[in-house]
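Inspection log for the structure reproduced underneath, given as C-alpha cells.
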Amino acid sequence: MSTRPVAIVVGVGAALGLGGALCRRFAKGGCHVLVAGRTADKIDAVAAEILAAGGSAQAVVTDATLEDDIVALFDRACAVPAGSLELVAFNAGNNLRKSLIEMDAQAFEDVWRVACFAGFLTGREAVRRMLPQERGSILFSGASASLRGRAEFAQFAAAKAGLRMVAQSMAREFGPRGLHVAHVVIDGGIDGERQRTRFPERVAKLGVDGMLDIDAIAETYWQLHCQPRSAWTQEIDLRPFKEPF
C-alpha cells in the first residue's frame, strides 16, 4: 500500500501569515497538512482554503505551550490513514517590546514558553515519531533576534536564541540518524496580516519589496525539506534585498 506524506505546521494564525503560507505550500507539495493553532476560526479558514484548492488538510486547535496538546497533535498526525509523518514546521512565536526594568517575571516567561519551550515540545515529539523511519524534516522559524538582542527585546531575543540552540542540538544529535533539522533566520519584516493591520505606516515606508513575501519564505522551507541529505542546510537566513545587515 502506498503512503501519503503528512505535514504538521505549529503556530498557524491568519491565512495571510507565514503559518498559513507554509500550510498551503506543503499541501501543494502533496502533503496532508495538520493546521495547528490556537484560534479555531483562523485555522479553519486556512484548512478550508487548502481543501477548496484540491489539497488535503485538517485544522487542529492546539496550544503549543501545553505538552498534552502537542502530544495529541502528533498522535493525530500519526493516525492519518496510510499516512507517514514527513515534515514538521514550528512557527509559533510572540513578541513584546518593553524595558527590562519594567518587565515582570510572568511576561518574560510567557514569551519564552511560546517561542522556545513550545519549540522543544514540538521538536521532541517530532523526533520520537520520525526516528523509527529514519527520515523526516523538522524546521524552526527563527528571527533576527536569534542572533542579536535589541534594546527592549531581551525576552524575545532570549527565547529565539534558545530556540536556535534547541535546533542546533537536535541537528547534531539526530541528523546522523536521518532527520533533517533546520533553523530559518527571518531577518526582516514579514509582509502579512499582522504587519499590515498593526503597522501600516511602516509597511508603506518600506515600499515594494521592502518586506519578506510569505509565499517566498514558504518556498524556502519546502526546498529545505527536499534537499538531498548529502548536502543538508542546518541554518539559512532570509531577508529582503533592500534590508541592511
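How things are named: the first chain in the C-alpha cells is A, the next is B, and so on; residues count from 1 in each chain; ligands count from 1 in the order shown.
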Near Ala158 of chain A, within 12 Å and counting only C-alpha atoms, which residues show up once chain neighbours fewer than 5 positions away are dropped, as JSON, numbers by chain?
-> {"A": [95, 108, 109, 110, 111, 112, 113, 114, 115, 116, 117, 142, 143, 144, 145, 146, 147, 148, 149, 150, 152, 153, 163, 164, 165]}
Do a neighbour search on Gly29 of chain A at 10 Å with only C-alpha atoms, toss out local chain neighbours closer than 3 positions, and write the hits as a VMD selection string.
-> chain A and resid 5 23 to 26 32 55 222
Name the residues of segment 57-161 of chain A that fall into helix (DSSP H, G or I) according to DSSP on the backbone, using the chain letters and numbers of this document, as a PyMOL selection string.
-> chain A and resi 67-78+100-102+105-133+144-146+154-161
Strand (DSSP E or B) residues, from DSSP on the backbone, in segment 3-184 of chain A, as a ChimeraX atom specification = /A:4-10,32-37,56-61,83-90,137-141,180-184
Written file, previous selection with N, CA and C atoms, as a compact mmCIF listing (two decimals), in the first residue's frame:
```
# COMPACT_ATOMS: atom_id res chain seq x y z
N ARG A 4 0.88 8.36 1.99
CA ARG A 4 0.90 9.78 1.62
C ARG A 4 1.62 10.54 2.71
N PRO A 5 2.44 11.51 2.33
CA PRO A 5 3.19 12.28 3.33
C PRO A 5 2.26 13.16 4.16
N VAL A 6 2.56 13.24 5.44
CA VAL A 6 1.81 14.08 6.37
C VAL A 6 2.74 15.17 6.88
N ALA A 7 2.22 16.40 6.95
CA ALA A 7 2.97 17.53 7.48
C ALA A 7 2.19 18.18 8.61
N ILE A 8 2.92 18.71 9.59
CA ILE A 8 2.33 19.47 10.68
C ILE A 8 2.92 20.87 10.66
N VAL A 9 2.07 21.88 10.76
CA VAL A 9 2.54 23.25 10.94
C VAL A 9 2.00 23.75 12.26
N VAL A 10 2.89 24.02 13.20
CA VAL A 10 2.52 24.51 14.53
C VAL A 10 2.69 26.02 14.56
N HIS A 32 -0.67 15.83 3.25
CA HIS A 32 -1.85 16.07 4.07
C HIS A 32 -1.37 16.91 5.25
N VAL A 33 -1.94 18.10 5.43
CA VAL A 33 -1.41 19.06 6.38
C VAL A 33 -2.30 19.19 7.61
N LEU A 34 -1.71 19.07 8.78
CA LEU A 34 -2.40 19.38 10.03
C LEU A 34 -2.09 20.83 10.37
N VAL A 35 -3.14 21.64 10.34
CA VAL A 35 -3.04 23.08 10.55
C VAL A 35 -3.28 23.34 12.03
N ALA A 36 -2.22 23.64 12.77
CA ALA A 36 -2.31 23.72 14.23
C ALA A 36 -2.12 25.15 14.73
N GLY A 37 -3.10 25.64 15.47
CA GLY A 37 -3.03 26.97 16.04
C GLY A 37 -4.04 27.11 17.15
N SER A 56 -5.26 18.63 0.75
CA SER A 56 -5.73 17.82 1.88
C SER A 56 -5.24 18.46 3.18
N ALA A 57 -6.16 18.76 4.09
CA ALA A 57 -5.78 19.42 5.33
C ALA A 57 -6.85 19.23 6.39
N GLN A 58 -6.45 19.35 7.63
CA GLN A 58 -7.39 19.37 8.74
C GLN A 58 -6.89 20.34 9.79
N ALA A 59 -7.81 21.08 10.39
CA ALA A 59 -7.46 22.05 11.43
C ALA A 59 -7.49 21.37 12.79
N VAL A 60 -6.48 21.65 13.61
CA VAL A 60 -6.40 21.08 14.95
C VAL A 60 -6.09 22.20 15.94
N VAL A 61 -7.05 22.55 16.78
CA VAL A 61 -6.82 23.60 17.78
C VAL A 61 -5.75 23.12 18.75
N GLY A 83 -0.86 7.23 6.21
CA GLY A 83 -0.01 8.41 6.25
C GLY A 83 1.36 8.13 6.84
N SER A 84 2.30 9.00 6.50
CA SER A 84 3.66 8.92 7.04
C SER A 84 4.12 10.33 7.37
N LEU A 85 4.40 10.59 8.64
CA LEU A 85 4.81 11.93 9.05
C LEU A 85 6.20 12.23 8.49
N GLU A 86 6.26 13.21 7.59
CA GLU A 86 7.50 13.52 6.89
C GLU A 86 8.03 14.92 7.16
N LEU A 87 7.17 15.82 7.62
CA LEU A 87 7.57 17.23 7.69
C LEU A 87 6.86 17.93 8.84
N VAL A 88 7.63 18.61 9.67
CA VAL A 88 7.10 19.39 10.78
C VAL A 88 7.72 20.78 10.75
N ALA A 89 6.89 21.81 10.82
CA ALA A 89 7.38 23.19 10.88
C ALA A 89 6.87 23.84 12.16
N PHE A 90 7.79 24.38 12.94
CA PHE A 90 7.42 25.10 14.16
C PHE A 90 7.49 26.59 13.86
N SER A 137 11.78 15.87 8.08
CA SER A 137 12.32 17.22 8.22
C SER A 137 11.62 17.94 9.38
N ILE A 138 12.43 18.62 10.20
CA ILE A 138 11.91 19.40 11.32
C ILE A 138 12.49 20.80 11.17
N LEU A 139 11.62 21.77 10.90
CA LEU A 139 12.05 23.12 10.54
C LEU A 139 11.53 24.13 11.57
N PHE A 140 12.39 25.03 11.99
CA PHE A 140 12.06 26.02 13.01
C PHE A 140 12.13 27.44 12.45
N SER A 141 11.13 28.25 12.75
CA SER A 141 11.14 29.66 12.36
C SER A 141 11.91 30.48 13.38
N HIS A 180 16.41 15.63 9.19
CA HIS A 180 16.92 16.93 8.77
C HIS A 180 16.31 18.02 9.65
N VAL A 181 17.13 18.62 10.49
CA VAL A 181 16.68 19.70 11.38
C VAL A 181 17.31 21.00 10.89
N ALA A 182 16.46 21.99 10.61
CA ALA A 182 16.96 23.26 10.08
C ALA A 182 16.29 24.43 10.79
N HIS A 183 17.03 25.53 10.88
CA HIS A 183 16.58 26.75 11.53
C HIS A 183 16.61 27.88 10.52
N VAL A 184 15.50 28.58 10.36
CA VAL A 184 15.37 29.64 9.36
C VAL A 184 15.37 31.00 10.07
```
For Gln227 of chain A, which residue out of A:Ile70, A:Ile43, A:Leu179, A:Ala14 is the nearest one, using only C-alpha atoms?
-> A:Leu179
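Among A:Ile186, A:Ile101, A:Ala118, A:Leu66, the residue with the shortest atom-to-atom distance to Val166 of chain A, counting only C-alpha atoms, is A:Ala118.
With only C-alpha atoms as the atoms that count, the residue of A:Gly207, A:Gly13, A:Gly178, A:Gly123 with the shortest distance to Ala45 of chain A is A:Gly13.
From atom CA of Thr220 of chain A back to atom CA of Phe245 of chain A, the distance works out to 19.7 Å.
Minimum atom-to-atom distances from A:Glu102, A:Ala40, A:Ala218, A:Arg229 to Lys28 of chain A were compared using only C-alpha atoms, and the lowest value belongs to A:Ala218.
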